[in-house]
Amino acid sequence: MTDRASFLAAIRATPRGEDPGLPDRIQAPDAPTELRAGESPVERLVAETELVSAEPHRVARASVGEYVAELLRASGSTEVALTEDLAAQLVPIRTACEAVGVHADDYRVVATDRARASRLHATVTGCAAAVAATGSIVTTAAGAGRAGALIAPLHICVVEETQIVDGLHALFDGEALAGAGSLLALQSGPSRSADIEKVLILGVHGPGVVHLVIVGD
Amino acid sequence: MDTGEVIADHVGVPTVVLFPTCLGDVVARQTVADAAQVLARLGFAVRHPRGATCCGQPAFNSGHDVPARAVARATLHALDDGSVDPILVPSGSCTSMVRLHWRELFHKTDDAEAALRIARRVRELSSFLAEQSSAIAALQPRLTARVAYHDSCHMLRELRIREEPRAVLATIEGVELVELAGGERCCGFGGTFSVRYPEVSVAMADAKLQELEPAGIDLLVSADPGCLMQLGGRLSREGSPVRAVHLATVLAEAIA
Amino acid sequence: MSVQEEVDGTPLPPGWSAPAHQPGAFELPTTTFRERAERTMARPFARTAIAGATDHAAELTWLKFEGVDHDGLRDQAKQIRAHAIANLPDYLEQWIDNAEANGTIVHFAADEVEARRIIAEICVDEQIASVVKSKSMASEEVSLNSALEGAGVDVFETDLGEFVVQAMGDRPGHVIAPILHRTKDEVHALFSEMAGRELPNEAEALTAFARAGLRHAFLTADGGISGGNFLIAETGEVMLVTNEGNGRLTTAAPRVHIALVGIEKVIPRRRDLPVLLPLLTGHGTGQQITTYVTITGGPRRGAEPDGPERTHVVLLDAGRSALLGGEFEEALHCIRCGACQNVCPVYRQVGGHAYGWVYGGPIGAVLTPLFRGQEEGGEVAQATTLCGACDDICPVRIPLHDLLLGLRRQRAEQAQTPRREQLAFAAWGAVWSRPRLYRASTVVGGAALRVLARGDAVSTRLPGLRRWTDGRDLLLRRGRG
Ligand code: SF4
């Protein structure tokens with residue numbers, strides 16, 4: 001069996017092609033995944049969220065718990081899991097859920113029981129960042145777990161306005177991803193497939209409905 | 001790909017060389033005659049290069065560089081006549097071969113310099129004609145037809161000549177130019193491809209031709225005899241009333 | 001071989017079991033491009049669907065980059081890929097060090113045989129009885145499914161299209177859209193047979209059927225197998241893009257995650273993703289970004305709520321390092337977006353299977369001879385018109401046209417072209433390099449054609465002309481028109 005040393009030695013033994021060096025980040029050209037000059041990050045996030053078939057909501061901090069609980073109740077979700085990256089919103093959301101009869105458990109507890117995890121109606125997560133130009137929510141293994149955002153048919157993500165970054169450059173240059181753990185992930189709208197005769201179907205392996213609750217003061 | 005090389009401005013030079021290419025010698029003789037006639041009407045003295053054969057592309061594109069070089073060398077020597085007269089080629093694909101690929105083909109051979117010399121002189125016919133638009137307009141060209149223009153792949157994507165042939169068509173009164181959805185898609189000729197994979201090649205032609213009737217096209221115009229051999233041959237087999245003709249022919253008819 | 005029953009209290013869809021895959025050898029050595037092409041071309045739906053879908057995807061791609069500096073982005077992407085490949089041993093070593101520091105167990109497969117053996121052995125060691133798989137072209141390259149089945153492991157392809165491919169015993173027809181060439185009716189018939197009852201013939205219902213069964217597979221599988229779109233050297237991570245979410249679940253739900261990734265997928269930094277990612281997704285599906293982008297670095301850590309106990313990454317060489325520093329090195333820059341297929345006028349007619357191996361379209365015509373050798377795979381490099389549409393769209397500016405020409409040259413030099421062809425070109429060269437003989441040949445040839453012609457058209461199916469005149473007249477432009 002080939003080991004590391006002989007595997008790499010074989011590659012090192014080949015001639016070296018021309019090396020143009022790495023491009024200069026300063027001269028990064030426009031991309032569809034960056035903000036255009038003068039654009040408002042929040043507004044672009046709202047617009048892109050709609051474009052990827054998710055539903056944006058702008059909510060005042062004080063009413064996040066009730067707002068989320070109402071979304072859950074209205075969708076008929078009774079089995080719900082909450083992830084730890086909800087941070088300060090975790091308790092208000094749980095309290096509001098109980099008040100309307102939605103059973104909300106810690107994702108950490110639910111995840112250990114696969115059968116139960118697969119019966120979930122919804123998950124509510126926070127995020128590490130949201131990318132305005134792509135309508136993406138960024139989650140981490142440390143925060144929402146690997147599957148927290150896509151194990152259930154409905155996903156609600158709570159985004160603080162201060163967590164919004166302009167585009168992919170800002171995301172990967174910035175600090176948002178520090179401490180992500182063993183996985184970091186972008187999700188942009190519901191799960192989808194167009195494999196069968198190009199008909200777009202939402203909700204294949206991940207959620208069919210995604211809400212972004214954008215929290216401002 | 002280097003297509004940006006500065007070519008000396010030949011406008012006003014009275015003599016031009018018209019390189020018929022092998023297709024022009026075998027199947028598209030009328031195209032060459034029409035090109036010569038148009039150039040003559042525009043006031044050019046037209047010379048045919050003695051001893052020119054083929055640019056070598058069929059073999060080159062099949063990977064057979066040795067025979068490609070042998071054939072191209074004959075043409076190279078015939079074209080390298082000591083003059084600086086522009087060499088006009090009524091074929092986008094052959095122009096691209098001579099202008100861009102001969103350097104590769106003759107790289108590190110005794111003919112490398114001559115190949116560069118010729119590359120600088122060679123011009124695709126329609127782009128040359130586009131520079132003569134006002135002279136053409138003075139001849140009051142007139143032809144009533146709904147026309148679709150087919151881009152030759154090598155002309156479009158190697159030489160980056162797109163607007164020029166359209167500009168020439170626009171000088172003709174009565175021509176209504178229609179852009180087809182797949183106008184820039186390959187016709188399926190591809191030289192030896194068309195005989196290696198005849199079924200695929202014909203299917204590719206059909207994919208283009210099916211757009212003609214719904215668009216009410218009378219004339220399918222191109223500036224490449226290869227594409228025209230393919231598209232015209234298929235139209236003829238299918239009994240279509242649409243004619244596939246070279247830009248030079250359209251122009252010759254319009255100023256007749 | 002049934003999926004473990006009733007994990008969540010709802011009954012399994014009837015008929016659900018790991019689809020039996022009919023591995024079958026690749027067709028490359030036994031059939032010609034022409035024969036394979038004809039099979040797809042004989043199915044009108046496949047042709048229309050392939051043309052429609054590829055046209056649509058190409059249009060979306062162009063739209064996506066309207067108004068931004070597309071060429072500037074492509075230049076940067078090309079530079080990143082060229083830099084990474086030029087320094088491949090260093091970046092690979094950096095990636096391995098960082099991956100191991102993350103707890104990833106790294107394996108080394110010099111060729112496809114080794115890749116199959118390594119993964120089969122991981123399955124034995126980890127006591128894996130069933131795996132869920134996320135779409136991976138590398139696993140197609142090594143025919144992984146048949147190796148797993150040989151080792152007694154149940155395999156579930158979880159990408160909807162790949163699942164259909166697997167259940168039909170087919171092969172994927174496109175890098176990004178595996179069942180481009182299949183109809184809804186075919187999927188309906190397949191799923192209805194699996195279900196043992198008539199399912200509604202709607203994409204939604206058919207997707208729901210697959211989802212239900214695959215959800216069980218996700219929750220019960222011991223292993224998850226994926227490919228990887230990039231290996232990020234500075235962090236030792238593997239990046240995956242999917243739209244369905246199956247890629248993420250593959251790395252999240254099972255106890256063990258195994259990724260099989262070609263060594264050329266390495267890129268230096270996460271910070272290169274803002275250039276590469278929009279090009280990959282924009283050229284793949286015309287999306288700004290795919291729904292799921294997953295970047296994993298090893299198994300579940302400390303306090304994380306979920307994730308695999310162990311992560312294995314199998315690095316695959318299989319012909320890649322042989323290209324380094326050579327004439328065809330740029331083929332390694334490919335990010336497998338599929339855009340060249342979408343604009344290819346030949347692919348548009350014949351689909352992916354005609355290329356006889358894993359990859360279709362222009363990149364397939366390049367990689368097949370490179371990875372399988374000229375003798376077995378060289379023919380497909382001839383099966384293009386060299387129209388150059390692929391060069392214009394490739395997000396990392398691979399000069400596909402030049403690579404194809406180079407491969408044709410190599411094939412001729414190795415005398416792998418048919419003897420008939422060699423003789424024909426030699427004879428042609430001998431005659432047409434002499435102006436007098438050339439002249440004579442055009443006069444004689446022209447005269448012969450005129451004898452055969454009716455009007456200006458030759459339509460006689462003569463032996464020498466057959467391949468032309470079967471479908472087309474040969475027009476002699478004697479008069480105008
Ligand atoms: S060759 Fe270029 S266009 Fe084709 S799949 Fe690779 S990266 Fe995409």
# chains A, B, ... in the order shown; residues from 1 in each chain; ligands from 1
>>> residues_near_ligand(ligand="ligand 1", cutoff="6 Å", atoms="only C-alpha atoms and all ligand atoms", output="list in words")
Cys334, Ile335, Arg336, Cys337, Gly338, Ala339, Cys340, Ile363, Cys394, Pro395, Val396 and Ile398 of chain C
>>> residues_around(residues="range 77-81 of chain A", least_positions_apart="4", cutoff="8 Å", atoms="only C-alpha atoms", output="list in words")
Leu72, Arg73, Gly101, Val102, His103, Ala104, Asp105, Asp106, Tyr107, Val110, Arg119, Leu120, His121, Ala122, Thr123 and Val124 of chain A
>>> select_by_dssp(residues="range 15-157 of chain A", states="strand (DSSP E or B)", output="PyMOL selection string")
chain A and resi 55-60+79-82+103-106+122-125+129-131+136-140+154-157
>>> interface_residues(of="chain C", to="chain B", cutoff="7 Å", atoms="only C-alpha atoms", output="PDB file with C-alpha atoms, in the first residue's frame")
ATOM      1  CA  ARG C  34     -19.722   6.882 -33.228  1.00  0.00           C
ATOM      2  CA  PRO C 345     -22.175  21.690 -29.810  1.00  0.00           C
ATOM      3  CA  GLN C 349     -26.120  16.202 -29.699  1.00  0.00           C
ATOM      4  CA  ALA C 383     -14.700  13.888 -31.584  1.00  0.00           C
ATOM      5  CA  THR C 384     -14.811  17.663 -31.493  1.00  0.00           C
ATOM      6  CA  THR C 385     -14.969  20.299 -34.210  1.00  0.00           C
ATOM      7  CA  LEU C 386     -12.419  22.512 -32.400  1.00  0.00           C
ATOM      8  CA  CYS C 387     -14.992  25.288 -32.419  1.00  0.00           C
ATOM      9  CA  GLY C 388     -13.476  26.911 -29.341  1.00  0.00           C
ATOM     10  CA  LEU C 405      -4.883  19.518 -30.711  1.00  0.00           C
ATOM     11  CA  ARG C 408      -4.361  14.523 -31.537  1.00  0.00           C
ATOM     12  CA  ARG C 409      -0.734  15.192 -32.308  1.00  0.00           C
ATOM     13  CA  ALA C 412      -0.579  10.532 -34.441  1.00  0.00           C
ATOM     14  CA  PHE C 425      -2.682  11.842 -44.898  1.00  0.00           C
ATOM     15  CA  ALA C 426       0.721  10.719 -46.164  1.00  0.00           C
ATOM     16  CA  GLY C 429       0.762  15.379 -48.180  1.00  0.00           C
ATOM     17  CA  TRP C 432      -0.732  18.545 -52.251  1.00  0.00           C
ATOM     18  CA  SER C 433       2.752  19.668 -51.314  1.00  0.00           C
ATOM     19  CA  ARG C 434       3.540  19.745 -55.037  1.00  0.00           C
ATOM     20  CA  PRO C 435       1.645  22.509 -56.811  1.00  0.00           C
ATOM     21  CA  TYR C 438      -2.202  19.569 -56.601  1.00  0.00           C
ATOM     22  CA  THR C 442      -8.168  19.439 -58.323  1.00  0.00           C
ATOM     23  CA  GLY C 446     -13.393  18.510 -60.005  1.00  0.00           C
ATOM     24  CA  ARG C 467     -19.635   9.434 -45.135  1.00  0.00           C
ATOM     25  CA  TRP C 468     -20.312  12.825 -46.592  1.00  0.00           C
ATOM     26  CA  GLY C 471     -26.665  12.993 -45.118  1.00  0.00           C
ATOM     27  CA  ARG C 472     -25.600  15.866 -47.336  1.00  0.00           C
ATOM     28  CA  ASP C 473     -25.193  16.791 -50.953  1.00  0.00           C
ATOM     29  CA  LEU C 474     -21.784  17.867 -52.083  1.00  0.00           C
ATOM     30  CA  LEU C 475     -22.385  21.182 -53.761  1.00  0.00           C
ATOM     31  CA  LEU C 476     -20.168  22.383 -56.549  1.00  0.00           C
ATOM     32  CA  ARG C 477     -20.418  26.120 -56.617  1.00  0.00           C
ATOM     33  CA  ARG C 478     -20.267  26.526 -60.346  1.00  0.00           C
ATOM     34  CA  GLY C 479     -23.045  29.049 -60.599  1.00  0.00           C
ATOM     35  CA  ARG C 480     -24.120  31.395 -57.897  1.00  0.00           C
ATOM     36  CA  GLY C 481     -26.263  30.002 -55.136  1.00  0.00           C
TER      37      GLY C 481
END
>>> interface_residues(of="chain C", to="chain A", cutoff="7 Å", atoms="only C-alpha atoms", output="MDAnalysis selection string")
chainID C and resid 7:8 64:65 68:69 72:73 76 79:80 82:83 86 89 108:110 160:161 177 179 183:184 203:204 207 211 219 243:246 249 252 270:271 274 278 288:289 291:301 304:307 321 324:325
>>> atom_distance(atom1="CA of Thr242 in chain C", atom2="CA of Gln287 in chain C")
11.4 Å
>>> residues_around(residues="Arg99 in chain B", least_positions_apart="3", cutoff="7 Å", atoms="only C-alpha atoms", output="PyMOL selection string")
chain B and resi 95-96+102+119+122
>>> residues_around(residues="Ile164 in chain A", least_positions_apart="5", cutoff="8 Å", atoms="only C-alpha atoms", output="list of chain:residue names")
A:Pro41, A:Val42, A:Ala129, A:Ala130, A:Val131, A:Ala132, A:Val159
>>> write_last_selection(atoms="N, CA and C atoms", output="PDB file, in the first residue's frame")
ATOM      1  N   PRO A  41     -26.029  46.574   2.954  1.00  0.00           N
ATOM      2  CA  PRO A  41     -25.928  45.135   3.222  1.00  0.00           C
ATOM      3  C   PRO A  41     -27.262  44.510   3.633  1.00  0.00           C
ATOM      4  N   VAL A  42     -27.988  45.168   4.517  1.00  0.00           N
ATOM      5  CA  VAL A  42     -29.247  44.556   4.976  1.00  0.00           C
ATOM      6  C   VAL A  42     -30.225  44.424   3.823  1.00  0.00           C
ATOM      7  N   ALA A 129     -22.533  34.195  10.777  1.00  0.00           N
ATOM      8  CA  ALA A 129     -22.551  35.369   9.907  1.00  0.00           C
ATOM      9  C   ALA A 129     -23.652  35.162   8.884  1.00  0.00           C
ATOM     10  N   ALA A 130     -24.011  36.232   8.176  1.00  0.00           N
ATOM     11  CA  ALA A 130     -24.883  36.117   7.015  1.00  0.00           C
ATOM     12  C   ALA A 130     -24.221  36.927   5.904  1.00  0.00           C
ATOM     13  N   VAL A 131     -24.243  36.380   4.694  1.00  0.00           N
ATOM     14  CA  VAL A 131     -23.559  37.041   3.583  1.00  0.00           C
ATOM     15  C   VAL A 131     -24.587  37.785   2.737  1.00  0.00           C
ATOM     16  N   ALA A 132     -24.493  39.123   2.747  1.00  0.00           N
ATOM     17  CA  ALA A 132     -25.505  39.937   2.080  1.00  0.00           C
ATOM     18  C   ALA A 132     -25.610  39.630   0.591  1.00  0.00           C
ATOM     19  N   VAL A 159     -30.643  36.079  12.676  1.00  0.00           N
ATOM     20  CA  VAL A 159     -29.435  36.792  12.261  1.00  0.00           C
ATOM     21  C   VAL A 159     -29.423  38.170  12.914  1.00  0.00           C
TER      22      VAL A 159
END
>>> select_by_dssp(residues="range 106-194 of chain C", states="helix (DSSP H, G or I)", output="PyMOL selection string")
chain C and resi 112-125+137-141+144-150+160-168+184-194
>>> write_last_selection(atoms="C-alpha atoms", output="PDB file, in the first residue's frame")
ATOM      1  CA  GLU C 112      -7.866   3.304  -8.892  1.00  0.00           C
ATOM      2  CA  VAL C 113      -7.189  -0.221  -7.705  1.00  0.00           C
ATOM      3  CA  GLU C 114      -5.627   1.106  -4.550  1.00  0.00           C
ATOM      4  CA  ALA C 115      -8.476   3.550  -3.988  1.00  0.00           C
ATOM      5  CA  ARG C 116     -11.002   0.755  -4.157  1.00  0.00           C
ATOM      6  CA  ARG C 117      -8.990  -1.437  -1.820  1.00  0.00           C
ATOM      7  CA  ILE C 118      -8.402   1.323   0.730  1.00  0.00           C
ATOM      8  CA  ILE C 119     -12.063   2.241   0.943  1.00  0.00           C
ATOM      9  CA  ALA C 120     -13.167  -1.371   1.117  1.00  0.00           C
ATOM     10  CA  GLU C 121     -10.708  -1.902   3.954  1.00  0.00           C
ATOM     11  CA  ILE C 122     -11.910   1.166   5.818  1.00  0.00           C
ATOM     12  CA  CYS C 123     -15.398  -0.287   5.608  1.00  0.00           C
ATOM     13  CA  VAL C 124     -14.217  -3.581   7.073  1.00  0.00           C
ATOM     14  CA  ASP C 125     -12.176  -1.930   9.831  1.00  0.00           C
ATOM     15  CA  MET C 137     -16.967  11.901 -10.055  1.00  0.00           C
ATOM     16  CA  ALA C 138     -13.755  10.576  -8.488  1.00  0.00           C
ATOM     17  CA  SER C 139     -15.703   7.602  -7.200  1.00  0.00           C
ATOM     18  CA  GLU C 140     -17.003   7.038 -10.729  1.00  0.00           C
ATOM     19  CA  GLU C 141     -13.423   7.100 -11.944  1.00  0.00           C
ATOM     20  CA  LEU C 144     -16.179   2.568  -6.277  1.00  0.00           C
ATOM     21  CA  ASN C 145     -19.730   1.277  -6.034  1.00  0.00           C
ATOM     22  CA  SER C 146     -18.883  -2.091  -7.486  1.00  0.00           C
ATOM     23  CA  ALA C 147     -15.937  -2.411  -5.109  1.00  0.00           C
ATOM     24  CA  LEU C 148     -18.181  -1.632  -2.151  1.00  0.00           C
ATOM     25  CA  GLU C 149     -20.807  -4.085  -3.270  1.00  0.00           C
ATOM     26  CA  GLY C 150     -18.054  -6.634  -3.680  1.00  0.00           C
ATOM     27  CA  LEU C 160     -31.510  12.403  -6.575  1.00  0.00           C
ATOM     28  CA  GLY C 161     -30.100  12.087 -10.073  1.00  0.00           C
ATOM     29  CA  GLU C 162     -27.327   9.736  -9.021  1.00  0.00           C
ATOM     30  CA  PHE C 163     -29.858   7.640  -7.145  1.00  0.00           C
ATOM     31  CA  VAL C 164     -31.832   7.178 -10.349  1.00  0.00           C
ATOM     32  CA  VAL C 165     -28.639   6.394 -12.236  1.00  0.00           C
ATOM     33  CA  GLN C 166     -27.731   3.776  -9.666  1.00  0.00           C
ATOM     34  CA  ALA C 167     -31.171   2.198  -9.566  1.00  0.00           C
ATOM     35  CA  MET C 168     -31.280   2.018 -13.356  1.00  0.00           C
ATOM     36  CA  LYS C 184     -39.735  11.892 -15.885  1.00  0.00           C
ATOM     37  CA  ASP C 185     -41.641   8.919 -17.291  1.00  0.00           C
ATOM     38  CA  GLU C 186     -38.575   6.735 -16.972  1.00  0.00           C
ATOM     39  CA  VAL C 187     -38.073   7.836 -13.367  1.00  0.00           C
ATOM     40  CA  HIS C 188     -41.756   7.290 -12.714  1.00  0.00           C
ATOM     41  CA  ALA C 189     -41.656   3.756 -14.073  1.00  0.00           C
ATOM     42  CA  LEU C 190     -38.556   2.980 -12.035  1.00  0.00           C
ATOM     43  CA  PHE C 191     -39.875   4.329  -8.754  1.00  0.00           C
ATOM     44  CA  SER C 192     -43.308   2.814  -9.253  1.00  0.00           C
ATOM     45  CA  GLU C 193     -41.689  -0.556  -9.731  1.00  0.00           C
ATOM     46  CA  MET C 194     -39.627  -0.064  -6.572  1.00  0.00           C
TER      47      MET C 194
END
>>> residues_around(residues="Gly183 in chain B", least_positions_apart="3", cutoff="10 Å", atoms="only C-alpha atoms", output="number ranges by chain")
B: 148-152, 178-180, 186-187, 208, 211
>>> write_last_selection(atoms="all heavy atoms", output="JSON list (two decimals), in the first residue's frame")
[["chain", "number", "residue", "atom", "x", "y", "z"],
["B", 148, "ALA", "N", -29.80, 35.42, -42.70],
["B", 148, "ALA", "CA", -29.19, 35.04, -41.41],
["B", 148, "ALA", "C", -27.71, 34.87, -41.65],
["B", 148, "ALA", "O", -27.30, 34.31, -42.67],
["B", 148, "ALA", "CB", -29.80, 33.74, -40.90],
["B", 149, "TYR", "N", -26.90, 35.37, -40.74],
["B", 149, "TYR", "CA", -25.45, 35.22, -40.89],
["B", 149, "TYR", "C", -24.97, 34.12, -39.95],
["B", 149, "TYR", "O", -25.30, 34.10, -38.77],
["B", 149, "TYR", "CB", -24.73, 36.54, -40.58],
["B", 149, "TYR", "CG", -23.23, 36.39, -40.64],
["B", 149, "TYR", "CD1", -22.59, 36.32, -41.87],
["B", 149, "TYR", "CD2", -22.48, 36.26, -39.48],
["B", 149, "TYR", "CE1", -21.21, 36.14, -41.95],
["B", 149, "TYR", "CE2", -21.10, 36.08, -39.55],
["B", 149, "TYR", "CZ", -20.48, 36.01, -40.78],
["B", 149, "TYR", "OH", -19.12, 35.82, -40.84],
["B", 150, "HIS", "N", -24.19, 33.21, -40.50],
["B", 150, "HIS", "CA", -23.61, 32.14, -39.67],
["B", 150, "HIS", "C", -22.15, 32.44, -39.40],
["B", 150, "HIS", "O", -21.35, 32.57, -40.32],
["B", 150, "HIS", "CB", -23.74, 30.79, -40.39],
["B", 150, "HIS", "CG", -22.84, 29.74, -39.81],
["B", 150, "HIS", "ND1", -23.05, 29.17, -38.56],
["B", 150, "HIS", "CD2", -21.70, 29.17, -40.27],
["B", 150, "HIS", "CE1", -22.09, 28.30, -38.30],
["B", 150, "HIS", "NE2", -21.25, 28.29, -39.31],
["B", 151, "ASP", "N", -21.80, 32.54, -38.11],
["B", 151, "ASP", "CA", -20.41, 32.79, -37.75],
["B", 151, "ASP", "C", -19.58, 31.53, -37.90],
["B", 151, "ASP", "O", -19.93, 30.49, -37.33],
["B", 151, "ASP", "CB", -20.34, 33.24, -36.28],
["B", 151, "ASP", "CG", -20.85, 34.65, -36.09],
["B", 151, "ASP", "OD1", -20.11, 35.58, -36.44],
["B", 151, "ASP", "OD2", -21.98, 34.82, -35.60],
["B", 152, "SER", "N", -18.50, 31.64, -38.61],
["B", 152, "SER", "CA", -17.52, 30.55, -38.65],
["B", 152, "SER", "C", -16.80, 30.55, -37.30],
["B", 152, "SER", "O", -16.40, 31.59, -36.79],
["B", 152, "SER", "CB", -16.53, 30.81, -39.79],
["B", 152, "SER", "OG", -15.21, 30.46, -39.41],
["B", 178, "VAL", "N", -31.26, 38.99, -39.79],
["B", 178, "VAL", "CA", -31.94, 38.40, -38.64],
["B", 178, "VAL", "C", -30.91, 37.63, -37.81],
["B", 178, "VAL", "O", -30.17, 36.81, -38.35],
["B", 178, "VAL", "CB", -33.04, 37.41, -39.11],
["B", 178, "VAL", "CG1", -33.78, 36.83, -37.92],
["B", 178, "VAL", "CG2", -34.00, 38.11, -40.06],
["B", 179, "GLU", "N", -30.84, 37.90, -36.51],
["B", 179, "GLU", "CA", -29.92, 37.14, -35.66],
["B", 179, "GLU", "C", -30.64, 35.91, -35.12],
["B", 179, "GLU", "O", -31.69, 36.02, -34.50],
["B", 179, "GLU", "CB", -29.41, 38.00, -34.49],
["B", 179, "GLU", "CG", -28.48, 39.14, -34.90],
["B", 179, "GLU", "CD", -27.11, 38.69, -35.41],
["B", 179, "GLU", "OE1", -26.72, 37.53, -35.15],
["B", 179, "GLU", "OE2", -26.44, 39.50, -36.10],
["B", 180, "LEU", "N", -30.09, 34.75, -35.35],
["B", 180, "LEU", "CA", -30.70, 33.52, -34.86],
["B", 180, "LEU", "C", -30.17, 33.20, -33.46],
["B", 180, "LEU", "O", -29.06, 33.59, -33.10],
["B", 180, "LEU", "CB", -30.37, 32.35, -35.80],
["B", 180, "LEU", "CG", -30.81, 32.54, -37.25],
["B", 180, "LEU", "CD1", -30.38, 31.34, -38.07],
["B", 180, "LEU", "CD2", -32.33, 32.72, -37.33],
["B", 186, "CYS", "N", -21.53, 26.17, -33.57],
["B", 186, "CYS", "CA", -20.84, 25.47, -34.66],
["B", 186, "CYS", "C", -21.82, 24.71, -35.56],
["B", 186, "CYS", "O", -22.78, 24.12, -35.09],
["B", 186, "CYS", "CB", -19.84, 24.48, -34.05],
["B", 186, "CYS", "SG", -18.96, 23.50, -35.26],
["B", 187, "CYS", "N", -21.54, 24.71, -36.87],
["B", 187, "CYS", "CA", -22.42, 24.06, -37.84],
["B", 187, "CYS", "C", -22.18, 22.56, -37.93],
["B", 187, "CYS", "O", -22.91, 21.85, -38.60],
["B", 187, "CYS", "CB", -22.23, 24.68, -39.22],
["B", 187, "CYS", "SG", -20.59, 24.36, -39.92],
["B", 208, "LYS", "N", -28.93, 23.84, -36.41],
["B", 208, "LYS", "CA", -28.88, 25.22, -36.87],
["B", 208, "LYS", "C", -29.98, 25.51, -37.88],
["B", 208, "LYS", "O", -30.66, 26.53, -37.81],
["B", 208, "LYS", "CB", -27.54, 25.52, -37.56],
["B", 208, "LYS", "CG", -26.37, 25.58, -36.66],
["B", 208, "LYS", "CD", -25.28, 26.43, -37.27],
["B", 208, "LYS", "CE", -25.59, 27.88, -37.16],
["B", 208, "LYS", "NZ", -24.91, 28.56, -36.07],
["B", 211, "GLU", "N", -33.76, 26.48, -37.39],
["B", 211, "GLU", "CA", -34.16, 27.84, -37.01],
["B", 211, "GLU", "C", -34.54, 28.69, -38.22],
["B", 211, "GLU", "O", -35.14, 29.75, -38.07],
["B", 211, "GLU", "CB", -33.00, 28.53, -36.27],
["B", 211, "GLU", "CG", -32.79, 28.06, -34.86],
["B", 211, "GLU", "CD", -31.85, 29.00, -34.12],
["B", 211, "GLU", "OE1", -32.19, 30.19, -34.00],
["B", 211, "GLU", "OE2", -30.77, 28.54, -33.70]]
>>> residues_around(residues="range 135-139 of chain B", least_positions_apart="5", cutoff="10 Å", atoms="only C-alpha atoms", output="list in words")
Val38, Leu39, Arg41, Leu42, Gly43, Leu129, Ala130, Val168, Ala170, Thr171, Ile172, Glu173, Leu251, Ala254, Ile255 and Ala256 of chain B
>>> atom_distance(atom1="CA of His353 in chain C", atom2="CA of Pro29 in chain C")
13.5 Å
>>> atom_distance(atom1="CA of Gly356 in chain C", atom2="CA of Arg466 in chain C")
25.7 Å
>>> residues_around(residues="range 224-233 of chain C", least_positions_apart="5", cutoff="7 Å", atoms="only C-alpha atoms", output="PyMOL selection string")
chain C and resi 91-92+94-95+131-136+138+238-241+247+250-251+254+256-261+265-270
>>> closest_residue(among="C:Leu423, C:Ala415, C:Glu237, C:Pro399", to="Ile96 in chain C", atoms="only C-alpha atoms")
C:Glu237
